[in-house]
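Q: To start, I am sharing the structure in question, which I have written as structure tokens.
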Protein chains: 2
Amino acid sequence: MKKTLLLCLLMGTFAFSQTEDEKQLKAIYDTALTNGKAYDWLNHLSNQIGGRLSGSVEAQQAVEYTKGQLDSLNLDRVWLQPVMVPKWVRGAPEFAYFETKPGLTTNVPICALGGSVATPDVGIKASVIEVQGIEDLEKLGRDKIEGKIVFYNRPMDPTQISTFSAYSSCVDQRYSGAAEAGKYGALGVIVRSMNLRLDDFPHTGSMSYGDTPVNDRIPAAAISTKGAELLSTTLALNPDIKFYFKQNCKQLPDVESYNVIGEIRGSEYPNEVMIVGGHLDSWDLGDGSHDDGAGCVQSMDVLRLLKETGYKPKRTLRVVLFMNEENGLRGGRKYAEVAKQKNEKHVFALESDAGGFTPRGFSFDCSEEDFEQILGWKELFEPYLIHLFVKGGSGADIGPLKDEGIVLAGLRPDSQRYFDHHHAENDTFEHVNQRELELGAATMASLVYLMDKYGPVLTKKIKG
Amino acid sequence: MKKTLLLCLLMGTFAFSQTEDEKQLKAIYDTALTNGKAYDWLNHLSNQIGGRLSGSVEAQQAVEYTKGQLDSLNLDRVWLQPVMVPKWVRGAPEFAYFETKPGLTTNVPICALGGSVATPDVGIKASVIEVQGIEDLEKLGRDKIEGKIVFYNRPMDPTQISTFSAYSSCVDQRYSGAAEAGKYGALGVIVRSMNLRLDDFPHTGSMSYGDTPVNDRIPAAAISTKGAELLSTTLALNPDIKFYFKQNCKQLPDVESYNVIGEIRGSEYPNEVMIVGGHLDSWDLGDGSHDDGAGCVQSMDVLRLLKETGYKPKRTLRVVLFMNEENGLRGGRKYAEVAKQKNEKHVFALESDAGGFTPRGFSFDCSEEDFEQILGWKELFEPYLIHLFVKGGSGADIGPLKDEGIVLAGLRPDSQRYFDHHHAENDTFEHVNQRELELGAATMASLVYLMDKYGPVLTKKIKG
């Protein structure tokens with residue numbers, strides 16, 4: 001009898017608590033949709049500043065602009081965290097064509113991959129060998145590769161429902177294609193853009209030479225998907241065509257830049273730190289609206305939405321706008337390094353770096369105990385059509401914080417349109433929908449609220 | 001012991017059956033994403049034909065084109081079902097301005113609402129009374145309304161997560177605003193566009209004069225949301241401004257048109273009919289890509305996807321492209337009328353009329369027994385990120401089929417961007433994403449497959 005009574009009381013408490021959480025989430029979503037700031041901030045970042053490649057004037061302008069906006073939010077503290085970043089510059093517009101017979105040329109859209117070396121001033125002109133991936137190189141051998149341009153043409157797999165899965169299974173061509181082809185004597189590499197659509201935009205992105213000596217590095221460029229199809233069809237008809245490309249990008253010495261950080265100090269557990277963030281740098285071809293202007297302004301709005309709805313975090317909550325995710329991850333590494341030096345205890349980190357599209361849910365990198373607690377909150381999100389709570393990766397910038405007890409999470413927006421724009425000239429403001437962006441900010445703020453209110457399970461246990 | 005064995009056997013059967021269904025869904029989605037036809041068909045409907053208002057040349061072209069495409073699919077039967085439809089024409093581009101003092105005018109974008117009468121040839125110029133909805137008219141009374149233009153300015157509620165809910169709670173202004181304001185002696189009505197964004201596109205849509213005598217009908221136009229904001233702000237500063245608008249739209253006599261129907265005859269229960277459809281007509285301002293070209297081409301592809309994946313329906317499966325959903329619903333009514341005359345037993349109807357965006361799930365109008373069976377299929381859809389299975393409305397065109405035993409369903413795509421384009425000049429092909437469209441077709445085909453394979457529960461009971 002007493003047991004039943006206790007159960008009733010407990011359930012009563014639970015029901016009350018649910019209602020309070022329901023109210024708080026509703027307040028957050030309503031505020032985001034009627035009085036959101038994310039879209040205005042993104043408008044400025046995208047249209048007044050533009051692409052924000054690490055080390056560029058625009059990246060510095062973005063640091064100053066976002067710091068100024070955070071200053072205006074009356075947080076407890078806003079500061080810049082210095083970090084040395086690589087400075088790679090694209091130089092003059094790249095140029096490429098293929099030649100079916102002497103004098104008969106067809107231009108194709110290319111762009112240098114980030115981190116690539118330049119071609120010689122006169123460009124490179126050579127025969128082309130098409131492959132479906134790095135694994136083809138060994139089969140072909142040096143004989144068939146030496147002195148040629150390797151054309152990596154494996155497309156993203158359209159049957160993957162998550163376009164990020166399709167990307168992951170393809171991006172090795174872009175990242176390591178030049179280093180690998182160089183070992184077989186290739187003169188350069190051309191990589192099919194990571195894009196599920198057929199269009200004329202080449203998509204840049206980072207690449208690495210690994211431990212290839214400086215003098216052995218060969219230039220690498222992306223070709224648009226339509227360009228890749230055309231080149232492949234032409235090669236099938238005539239394997240002897242020549243491909244020409246020219247680019248004069250270069251790597252300059254590292255320069256100083258900053259992570260931008262704003263903080264609300266925790267009212268009960270100020271030494272437990274939660275962060276929410278995105279990366280402030282972007283590629284240079286578009287204005288970086290989806291990647292990752294969206295994640296930055298959503299993260300900034302998380303703190304504002306909690307303040308506007310009257311919620312005071314028990315734990316210290318920071319927004320971190322990381323510098324240099326795209327071509328170095330220096331900002332993410334620096335933040336984790338400083339946190340370790342200062343012996344800060346990070347208990348939760350949430351990143352938005354998958355575009356400003358309709359939010360579908362989150363991916364969590366955490367203990368089973370924490371994941372179980374989180375699954376208990378799932379129904380609170382259903383009225384907002386947030387259904388996806390899965391274990392998996394979180395975000396590149398927050399990865400270096402990984403440690404026992406921390407919950408890492410990534411916002412998972414609808415991914416279908418993301419690679420239409422990713423790292424390309426058409427990653428621009430008009431492709432971001434205001435409501436979708438705001439729903440993302442509200443979804444993030446809701447998770448931060450719940451995580452702060454109930455606290456990560458494993459952390460408590462470890463402290464226990 | 002025996003009971004346990006039976007249970008194991010049953011579970012074994014269930015597990016096997018699940019696997020077969022999983023395979024079939026995978027085959028459907030893979031085919032849609034690698035070899036879909038929907039996008040090509042939509043390209044033709046949108047870019048070669050364009051807006052398809054009932055009774056227009058374009059509507060007739062769309063009838064012929066889609067019939068031809070269905071003919072090419074080797075279905076068992078393809079036919080046109082005649083239906084008389086209203087023919088309303090927009091006439092010359094509408095024109096409007098407000099005048100703050102004589103000679104000082106500001107143009108604003110408007111368009112006639114579908115079914116509206118024209119203004120006099122010289123237009124209408126009058127004072128404006130702004131209201132937040134029909135319910136304000138009675139409070140104001142004839143004194144404050146007579147001789148004026150009523151300006152309905154209640155915006156869609158941005159806090160509704162489903163934008164269709166926001167639409168439903170606003171659209172009475174557009175549909176009945178003129179009939180109601182006319183009762184108080186208004187000269188005309190201007191209605192804020194049903195759009196959650198602020199932009200310059202006026203959004204048309206159907207309106208009705210109810211039983212208002214022909215001579216008492218007053219003209220009605222939509223104003224863009226930015227125009228509405230400007231007008232409202234100006235009125236607050238100066239209530240005496242005059243508003244001018246001119247339109248010469250008119251209603252012509254009804255003309256003959258067609259529903260386009262294609263059929264695969266059922267292998268086991270040919271007398272049980274399942275239909276999948278959208279509406280072929282559209283408004284005239286854009287090219288009707290989302291509303292509802294998308295639903296038509298998805299429905300056509302459902303039959304093709306089932307054929308391509310080797311599935312032969314046990315029940316008769318029809319694709320129905322309904323004519324005249326937008327301003328009359330004559331096609332939907334005719335289809336149901338003929339079905340009743342012929343004593344056809346319809347057991348399932350699925351409509352796609354909410355845009356070609358990423359599919360999120362379905363809404364079902366059916367018995368509890370059927371809904372329970374459907375919920376049992378939900379996990380089959382989870383790999384495709386389809387999570388939403390709710391009871392509710394289905395689609396306007398299939399509504400007239402409602403009867404005991406039938407399961408009605410509507411595809412529910414992500415709704416955030418829908419009203420940015422709905423009934424406006426920017427409902428155009430480039431705003432439809434190929435993968436999102438194809439995912440919708442696959443999601444519909446998957447439901448049709450399951451419904452055919454397992455059969456609607458209540459139908460079986462009734463037949464008992």
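We name chains A, B, ... following the order of the structure tokens; residues begin at 1 in each chain, and ligands are numbered from 1 as shown.
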Tell me as a list in words which residues belonging to chain A come within 9 Å of chain B, counting only C-alpha atoms.
A: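 Result, ordered by chain then number: Lys26, Tyr29, Asp30, Thr31, Ala32, Leu33, Thr34, Pro158, Thr159, Gln160, Ile161, Ser162, Leu196, Arg197, Thr358, Arg360, Pro383, Tyr384, Leu385, His387, Leu388, Asp414, Gln416, Arg417, Asn433, Gln434, Arg435, Glu436 and Leu439 of chain A.
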Q: Those residues you just picked out, can you put them in a file as a tab-separated table (two decimals), in the first residue's frame with C-alpha atoms?
A:
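Wrote it out as again.tsv, contents follow:
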chain	number	residue	atom	x	y	z
A	26	LYS	CA	7.67	25.18	-26.04
A	29	TYR	CA	10.79	26.86	-29.85
A	30	ASP	CA	8.28	29.72	-29.77
A	31	THR	CA	11.03	32.23	-29.06
A	32	ALA	CA	13.26	30.85	-31.81
A	33	LEU	CA	10.42	30.99	-34.36
A	34	THR	CA	9.10	34.41	-33.46
A	158	PRO	CA	22.95	7.53	-54.18
A	159	THR	CA	21.32	4.60	-52.32
A	160	GLN	CA	22.69	5.77	-48.98
A	161	ILE	CA	19.82	7.54	-47.22
A	162	SER	CA	22.26	9.58	-45.14
A	196	LEU	CA	25.17	13.74	-55.55
A	197	ARG	CA	23.75	16.05	-58.23
A	358	THR	CA	15.28	21.01	-40.90
A	360	ARG	CA	15.86	15.57	-37.54
A	383	PRO	CA	5.94	17.60	-31.07
A	384	TYR	CA	8.79	19.31	-32.93
A	385	LEU	CA	9.19	16.36	-35.31
A	387	HIS	CA	12.77	11.68	-34.03
A	388	LEU	CA	16.36	10.66	-34.59
A	414	ASP	CA	17.97	16.60	-42.97
A	416	GLN	CA	19.41	15.39	-48.64
A	417	ARG	CA	20.43	18.85	-49.96
A	433	ASN	CA	15.55	28.63	-44.91
A	434	GLN	CA	14.90	30.83	-41.89
A	435	ARG	CA	12.48	28.48	-40.13
A	436	GLU	CA	14.66	25.44	-40.67
A	439	LEU	CA	14.18	25.04	-35.57
Q: Run DSSP on the backbone of this structure and report the residues of region 251-348 of chain B it assigns to strand (DSSP E or B), as number ranges by chain.
A: B: 251-264, 269-279, 315-322, 345-348
Q: Any idea what's packed within 12 Å of region 450-455 of chain A, counting only C-alpha atoms, ignoring anything in its chain fewer than 2 positions away? Could you give it as a short mmCIF file (atom, residue, chain, number, x, y, z; two decimals) with N, CA, C and O atoms, in the first residue's frame?
A:
data_model
loop_
_atom_site.label_atom_id
_atom_site.label_comp_id
_atom_site.auth_asym_id
_atom_site.auth_seq_id
_atom_site.Cartn_x
_atom_site.Cartn_y
_atom_site.Cartn_z
N SER A 17 7.15 17.19 -13.59
CA SER A 17 8.44 17.51 -14.18
C SER A 17 8.34 17.51 -15.71
O SER A 17 8.86 18.39 -16.38
N GLN A 18 7.65 16.51 -16.26
CA GLN A 18 7.45 16.46 -17.70
C GLN A 18 6.79 17.73 -18.20
O GLN A 18 7.16 18.29 -19.21
N GLU A 20 6.76 20.65 -16.84
CA GLU A 20 7.68 21.78 -16.78
C GLU A 20 8.65 21.76 -17.96
O GLU A 20 8.90 22.78 -18.60
N ASP A 21 9.14 20.56 -18.29
CA ASP A 21 10.04 20.43 -19.43
C ASP A 21 9.30 20.76 -20.74
O ASP A 21 9.85 21.42 -21.61
N GLU A 22 8.09 20.26 -20.85
CA GLU A 22 7.29 20.55 -22.04
C GLU A 22 7.13 22.06 -22.22
O GLU A 22 7.27 22.59 -23.32
N GLN A 24 9.07 24.42 -21.01
CA GLN A 24 10.35 25.07 -21.34
C GLN A 24 10.70 24.87 -22.81
O GLN A 24 11.12 25.82 -23.49
N LEU A 25 10.48 23.66 -23.32
CA LEU A 25 10.77 23.42 -24.74
C LEU A 25 9.87 24.28 -25.62
O LEU A 25 10.32 24.87 -26.60
N ILE A 28 11.15 27.73 -25.69
CA ILE A 28 12.36 27.84 -26.52
C ILE A 28 11.99 27.87 -28.00
O ILE A 28 12.44 28.74 -28.75
N GLY A 266 27.78 28.84 -14.53
CA GLY A 266 26.80 27.96 -13.89
C GLY A 266 26.44 28.42 -12.49
O GLY A 266 27.30 28.88 -11.74
N SER A 267 25.16 28.31 -12.15
CA SER A 267 24.70 28.79 -10.85
C SER A 267 24.97 27.78 -9.74
O SER A 267 25.12 28.14 -8.58
N GLU A 268 25.05 26.50 -10.07
CA GLU A 268 25.26 25.48 -9.03
C GLU A 268 26.57 24.74 -9.17
O GLU A 268 27.24 24.43 -8.19
N TYR A 269 26.90 24.39 -10.41
CA TYR A 269 28.12 23.63 -10.66
C TYR A 269 28.98 24.38 -11.68
O TYR A 269 29.16 23.92 -12.81
N PRO A 270 29.51 25.53 -11.28
CA PRO A 270 30.25 26.35 -12.26
C PRO A 270 31.47 25.63 -12.83
O PRO A 270 31.94 26.00 -13.90
N GLU A 272 31.57 22.59 -13.87
CA GLU A 272 31.21 21.64 -14.93
C GLU A 272 30.84 22.44 -16.17
O GLU A 272 29.92 23.26 -16.14
N VAL A 273 31.57 22.21 -17.24
CA VAL A 273 31.41 23.04 -18.43
C VAL A 273 30.67 22.29 -19.54
O VAL A 273 30.97 21.13 -19.83
N MET A 274 29.69 22.96 -20.12
CA MET A 274 28.98 22.44 -21.30
C MET A 274 29.28 23.41 -22.45
O MET A 274 29.23 24.63 -22.24
N ILE A 275 29.54 22.88 -23.63
CA ILE A 275 29.75 23.80 -24.76
C ILE A 275 28.84 23.45 -25.93
O ILE A 275 28.42 22.31 -26.11
N VAL A 276 28.53 24.48 -26.68
CA VAL A 276 27.75 24.32 -27.90
C VAL A 276 28.47 25.15 -28.96
O VAL A 276 28.92 26.28 -28.69
N LEU A 306 18.09 30.54 -24.17
CA LEU A 306 17.94 30.14 -22.77
C LEU A 306 17.77 31.38 -21.89
O LEU A 306 16.93 31.40 -20.99
N TYR A 311 15.83 30.80 -18.44
CA TYR A 311 16.50 29.65 -17.82
C TYR A 311 17.94 29.99 -17.47
O TYR A 311 18.71 30.46 -18.30
N LYS A 312 18.28 29.74 -16.19
CA LYS A 312 19.65 29.98 -15.75
C LYS A 312 20.36 28.64 -15.59
O LYS A 312 20.03 27.87 -14.70
N PRO A 313 21.36 28.37 -16.42
CA PRO A 313 22.02 27.06 -16.35
C PRO A 313 22.70 26.83 -15.00
O PRO A 313 23.30 27.75 -14.43
N LYS A 314 22.60 25.60 -14.51
CA LYS A 314 23.28 25.22 -13.27
C LYS A 314 24.76 25.01 -13.53
O LYS A 314 25.60 25.21 -12.67
N ARG A 315 25.05 24.54 -14.75
CA ARG A 315 26.44 24.32 -15.15
C ARG A 315 26.90 25.50 -16.03
O ARG A 315 26.07 26.21 -16.59
N THR A 316 28.19 25.65 -16.13
CA THR A 316 28.72 26.72 -16.98
C THR A 316 28.48 26.35 -18.45
O THR A 316 28.80 25.24 -18.87
N LEU A 317 27.89 27.29 -19.17
CA LEU A 317 27.55 27.03 -20.58
C LEU A 317 28.33 27.99 -21.48
O LEU A 317 28.30 29.20 -21.28
N HIS A 346 34.90 19.27 -18.69
CA HIS A 346 33.83 19.38 -19.69
C HIS A 346 32.92 18.16 -19.60
O HIS A 346 33.40 17.02 -19.67
N VAL A 347 31.63 18.41 -19.45
CA VAL A 347 30.70 17.30 -19.28
C VAL A 347 29.80 17.09 -20.50
O VAL A 347 29.22 16.03 -20.68
N PHE A 348 29.69 18.12 -21.34
CA PHE A 348 28.80 18.00 -22.50
C PHE A 348 29.28 18.94 -23.59
O PHE A 348 29.66 20.08 -23.33
N ALA A 349 29.29 18.43 -24.82
CA ALA A 349 29.63 19.28 -25.98
C ALA A 349 28.71 18.92 -27.13
O ALA A 349 28.50 17.73 -27.43
N LEU A 350 28.14 19.94 -27.73
CA LEU A 350 27.19 19.75 -28.83
C LEU A 350 27.66 20.60 -30.02
O LEU A 350 27.91 21.80 -29.87
N GLU A 369 24.82 4.51 -20.24
CA GLU A 369 23.99 5.11 -19.18
C GLU A 369 23.46 6.47 -19.63
O GLU A 369 22.29 6.78 -19.46
N ASP A 370 24.34 7.25 -20.21
CA ASP A 370 23.91 8.58 -20.66
C ASP A 370 22.93 8.46 -21.82
O ASP A 370 21.95 9.19 -21.87
N PHE A 371 23.20 7.52 -22.71
CA PHE A 371 22.31 7.38 -23.86
C PHE A 371 20.92 6.98 -23.42
O PHE A 371 19.92 7.47 -23.95
N GLN A 373 19.49 7.73 -20.55
CA GLN A 373 18.82 8.92 -20.01
C GLN A 373 18.30 9.81 -21.15
O GLN A 373 17.17 10.28 -21.12
N ILE A 374 19.14 9.98 -22.16
CA ILE A 374 18.77 10.84 -23.29
C ILE A 374 17.54 10.29 -24.02
O ILE A 374 16.65 11.04 -24.39
N LEU A 375 17.50 8.96 -24.20
CA LEU A 375 16.34 8.36 -24.88
C LEU A 375 15.05 8.65 -24.12
O LEU A 375 13.98 8.73 -24.70
N GLY A 376 15.17 8.83 -22.81
CA GLY A 376 14.01 9.17 -21.99
C GLY A 376 13.44 10.55 -22.32
O GLY A 376 12.29 10.85 -22.00
N TRP A 377 14.25 11.39 -22.93
CA TRP A 377 13.79 12.75 -23.29
C TRP A 377 13.19 12.80 -24.69
O TRP A 377 12.65 13.83 -25.10
N LYS A 378 13.29 11.70 -25.39
CA LYS A 378 12.95 11.69 -26.81
C LYS A 378 11.52 12.18 -27.05
O LYS A 378 11.27 12.96 -27.97
N LEU A 380 9.78 14.25 -25.53
CA LEU A 380 9.65 15.71 -25.41
C LEU A 380 9.88 16.41 -26.75
O LEU A 380 9.39 17.52 -26.98
N PHE A 381 10.66 15.75 -27.61
CA PHE A 381 11.01 16.37 -28.90
C PHE A 381 10.02 16.02 -30.02
O PHE A 381 10.07 16.62 -31.08
N GLY A 405 33.30 10.19 -19.46
CA GLY A 405 32.33 11.01 -18.73
C GLY A 405 31.70 12.11 -19.55
O GLY A 405 30.62 12.57 -19.22
N ILE A 406 32.35 12.54 -20.62
CA ILE A 406 31.75 13.62 -21.41
C ILE A 406 30.73 13.04 -22.39
O ILE A 406 30.90 11.93 -22.91
N VAL A 407 29.65 13.77 -22.59
CA VAL A 407 28.68 13.43 -23.62
C VAL A 407 28.95 14.33 -24.82
O VAL A 407 28.90 15.56 -24.69
N LEU A 408 29.28 13.72 -25.96
CA LEU A 408 29.47 14.48 -27.20
C LEU A 408 28.24 14.27 -28.07
O LEU A 408 27.72 13.15 -28.15
N ALA A 409 27.78 15.32 -28.72
CA ALA A 409 26.59 15.19 -29.56
C ALA A 409 26.70 16.07 -30.80
O ALA A 409 27.35 17.12 -30.77
N THR A 443 16.15 23.26 -31.23
CA THR A 443 16.38 21.85 -30.91
C THR A 443 17.65 21.69 -30.09
O THR A 443 17.70 20.95 -29.11
N MET A 444 18.68 22.45 -30.47
CA MET A 444 19.94 22.42 -29.72
C MET A 444 19.74 22.99 -28.31
O MET A 444 20.19 22.41 -27.32
N ALA A 445 19.05 24.12 -28.23
CA ALA A 445 18.83 24.76 -26.92
C ALA A 445 18.04 23.83 -26.00
O ALA A 445 18.29 23.77 -24.79
N SER A 446 17.10 23.09 -26.58
CA SER A 446 16.29 22.17 -25.77
C SER A 446 17.14 21.05 -25.18
O SER A 446 16.98 20.68 -24.02
N LEU A 447 18.05 20.53 -25.99
CA LEU A 447 18.92 19.47 -25.48
C LEU A 447 19.87 20.01 -24.41
O LEU A 447 20.09 19.36 -23.39
N VAL A 448 20.39 21.21 -24.63
CA VAL A 448 21.28 21.81 -23.63
C VAL A 448 20.53 22.01 -22.31
O VAL A 448 21.04 21.70 -21.23
N VAL A 457 24.89 11.43 -16.73
CA VAL A 457 24.85 10.35 -15.74
C VAL A 457 26.24 9.90 -15.34
O VAL A 457 26.56 9.81 -14.16
N LEU A 458 27.08 9.64 -16.34
CA LEU A 458 28.38 9.04 -16.06
C LEU A 458 29.26 10.00 -15.26
O LEU A 458 29.99 9.59 -14.37
N THR A 459 29.15 11.28 -15.57
CA THR A 459 29.92 12.28 -14.83
C THR A 459 29.58 12.20 -13.34
O THR A 459 30.46 12.20 -12.49
N LYS A 460 28.29 12.13 -13.07
CA LYS A 460 27.85 12.08 -11.68
C LYS A 460 28.40 10.83 -11.00
O LYS A 460 28.87 10.87 -9.87
N LYS A 461 28.36 9.72 -11.75
CA LYS A 461 28.86 8.45 -11.22
C LYS A 461 30.35 8.54 -10.90
O LYS A 461 30.80 8.11 -9.85
#
Q: Mind pulling up the distance from CA of Asp427 (chain B) to CA of Val85 (chain B)?
A: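 A separation of 22.9 Å between them.
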Q: Tell me, which residues of region 246-341 of chain A carry DSSP alpha helix (DSSP H), written as a list in words?
A: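 Of region 246-341 of chain A, the ones in alpha helix (DSSP H) are Ala294, Gly295, Cys296, Val297, Gln298, Ser299, Met300, Asp301, Val302, Leu303, Arg304, Leu305, Leu306, Lys307, Glu308, Arg330, Gly331, Gly332, Arg333, Lys334, Tyr335, Ala336, Glu337, Val338, Ala339, Lys340 and Gln341 of chain A.
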Q: Those residues you just picked out, can you put them in a file as an mmCIF file, in the first residue's frame with N, CA, C and O atoms?
A:
data_model
loop_
_atom_site.group_PDB
_atom_site.id
_atom_site.type_symbol
_atom_site.label_atom_id
_atom_site.label_comp_id
_atom_site.auth_asym_id
_atom_site.auth_seq_id
_atom_site.Cartn_x
_atom_site.Cartn_y
_atom_site.Cartn_z
ATOM 1 N N ALA A 294 25.729 28.450 -40.434
ATOM 2 C CA ALA A 294 24.498 28.016 -39.769
ATOM 3 C C ALA A 294 24.782 27.506 -38.357
ATOM 4 O O ALA A 294 24.119 27.902 -37.386
ATOM 5 N N GLY A 295 25.770 26.633 -38.237
ATOM 6 C CA GLY A 295 26.093 26.062 -36.925
ATOM 7 C C GLY A 295 26.546 27.112 -35.934
ATOM 8 O O GLY A 295 26.241 27.036 -34.733
ATOM 9 N N CYS A 296 27.276 28.122 -36.419
ATOM 10 C CA CYS A 296 27.755 29.196 -35.537
ATOM 11 C C CYS A 296 26.589 30.015 -34.988
ATOM 12 O O CYS A 296 26.486 30.238 -33.786
ATOM 13 N N VAL A 297 25.722 30.454 -35.891
ATOM 14 C CA VAL A 297 24.644 31.344 -35.437
ATOM 15 C C VAL A 297 23.620 30.573 -34.613
ATOM 16 O O VAL A 297 23.016 31.127 -33.681
ATOM 17 N N GLN A 298 23.415 29.296 -34.917
ATOM 18 C CA GLN A 298 22.529 28.486 -34.063
ATOM 19 C C GLN A 298 23.118 28.363 -32.665
ATOM 20 O O GLN A 298 22.403 28.497 -31.664
ATOM 21 N N SER A 299 24.412 28.117 -32.590
ATOM 22 C CA SER A 299 25.059 27.957 -31.284
ATOM 23 C C SER A 299 24.981 29.246 -30.479
ATOM 24 O O SER A 299 24.738 29.233 -29.267
ATOM 25 N N MET A 300 25.216 30.383 -31.151
ATOM 26 C CA MET A 300 25.101 31.675 -30.466
ATOM 27 C C MET A 300 23.682 31.848 -29.929
ATOM 28 O O MET A 300 23.464 32.310 -28.806
ATOM 29 N N ASP A 301 22.706 31.446 -30.752
ATOM 30 C CA ASP A 301 21.320 31.654 -30.344
ATOM 31 C C ASP A 301 20.902 30.717 -29.207
ATOM 32 O O ASP A 301 19.954 31.018 -28.483
ATOM 33 N N VAL A 302 21.596 29.605 -29.037
ATOM 34 C CA VAL A 302 21.262 28.702 -27.921
ATOM 35 C C VAL A 302 21.355 29.460 -26.593
ATOM 36 O O VAL A 302 20.436 29.410 -25.768
ATOM 37 N N LEU A 303 22.448 30.193 -26.417
ATOM 38 C CA LEU A 303 22.620 30.914 -25.147
ATOM 39 C C LEU A 303 21.568 32.008 -25.004
ATOM 40 O O LEU A 303 20.998 32.213 -23.927
ATOM 41 N N ARG A 304 21.312 32.709 -26.116
ATOM 42 C CA ARG A 304 20.325 33.786 -26.083
ATOM 43 C C ARG A 304 18.923 33.237 -25.809
ATOM 44 O O ARG A 304 18.144 33.815 -25.047
ATOM 45 N N LEU A 305 18.582 32.096 -26.430
ATOM 46 C CA LEU A 305 17.245 31.509 -26.249
ATOM 47 C C LEU A 305 17.039 31.088 -24.791
ATOM 48 O O LEU A 305 15.953 31.278 -24.232
ATOM 49 N N LEU A 306 18.085 30.538 -24.175
ATOM 50 C CA LEU A 306 17.938 30.141 -22.770
ATOM 51 C C LEU A 306 17.767 31.378 -21.892
ATOM 52 O O LEU A 306 16.930 31.402 -20.985
ATOM 53 N N LYS A 307 18.511 32.429 -22.176
ATOM 54 C CA LYS A 307 18.360 33.683 -21.414
ATOM 55 C C LYS A 307 16.960 34.266 -21.618
ATOM 56 O O LYS A 307 16.293 34.641 -20.649
ATOM 57 N N GLU A 308 16.532 34.341 -22.881
ATOM 58 C CA GLU A 308 15.225 34.941 -23.208
ATOM 59 C C GLU A 308 14.078 34.208 -22.529
ATOM 60 O O GLU A 308 13.058 34.799 -22.194
ATOM 61 N N ARG A 330 42.728 23.265 -36.078
ATOM 62 C CA ARG A 330 43.575 23.848 -35.032
ATOM 63 C C ARG A 330 42.738 24.435 -33.889
ATOM 64 O O ARG A 330 43.128 24.367 -32.743
ATOM 65 N N GLY A 331 41.594 25.015 -34.221
ATOM 66 C CA GLY A 331 40.758 25.623 -33.199
ATOM 67 C C GLY A 331 40.233 24.594 -32.217
ATOM 68 O O GLY A 331 40.268 24.796 -30.996
ATOM 69 N N GLY A 332 39.744 23.489 -32.733
ATOM 70 C CA GLY A 332 39.227 22.416 -31.877
ATOM 71 C C GLY A 332 40.313 21.849 -30.987
ATOM 72 O O GLY A 332 40.105 21.616 -29.789
ATOM 73 N N ARG A 333 41.497 21.662 -31.567
ATOM 74 C CA ARG A 333 42.611 21.104 -30.783
ATOM 75 C C ARG A 333 43.064 22.089 -29.715
ATOM 76 O O ARG A 333 43.329 21.714 -28.577
ATOM 77 N N LYS A 334 43.137 23.367 -30.090
ATOM 78 C CA LYS A 334 43.580 24.390 -29.133
ATOM 79 C C LYS A 334 42.614 24.478 -27.956
ATOM 80 O O LYS A 334 43.017 24.548 -26.798
ATOM 81 N N TYR A 335 41.319 24.469 -28.286
ATOM 82 C CA TYR A 335 40.332 24.592 -27.211
ATOM 83 C C TYR A 335 40.493 23.453 -26.201
ATOM 84 O O TYR A 335 40.500 23.669 -24.987
ATOM 85 N N ALA A 336 40.659 22.217 -26.718
ATOM 86 C CA ALA A 336 40.795 21.054 -25.838
ATOM 87 C C ALA A 336 42.096 21.127 -25.030
ATOM 88 O O ALA A 336 42.133 20.780 -23.841
ATOM 89 N N GLU A 337 43.138 21.621 -25.680
ATOM 90 C CA GLU A 337 44.459 21.728 -25.039
ATOM 91 C C GLU A 337 44.398 22.707 -23.852
ATOM 92 O O GLU A 337 44.857 22.399 -22.753
ATOM 93 N N VAL A 338 43.784 23.861 -24.107
ATOM 94 C CA VAL A 338 43.680 24.872 -23.049
ATOM 95 C C VAL A 338 42.791 24.360 -21.918
ATOM 96 O O VAL A 338 43.086 24.542 -20.733
ATOM 97 N N ALA A 339 41.708 23.662 -22.286
ATOM 98 C CA ALA A 339 40.797 23.111 -21.269
ATOM 99 C C ALA A 339 41.555 22.144 -20.367
ATOM 100 O O ALA A 339 41.371 22.127 -19.147
ATOM 101 N N LYS A 340 42.433 21.359 -20.972
ATOM 102 C CA LYS A 340 43.200 20.388 -20.208
ATOM 103 C C LYS A 340 44.205 21.097 -19.298
ATOM 104 O O LYS A 340 44.329 20.773 -18.110
ATOM 105 N N GLN A 341 44.899 22.092 -19.875
ATOM 106 C CA GLN A 341 45.868 22.864 -19.087
ATOM 107 C C GLN A 341 45.214 23.467 -17.855
ATOM 108 O O GLN A 341 45.764 23.459 -16.765
#
Q: With a distance cut-off of 9 Å and only C-alpha atoms, select the neighbouring residues of Asn195 (chain B), excluding the residue or stretch itself and same-chain residues fewer than 5 positions from it, and output the selection as a VMD selection string.
A: chain B and resid 155 to 156 167 201 to 203 224 to 225 418 to 422
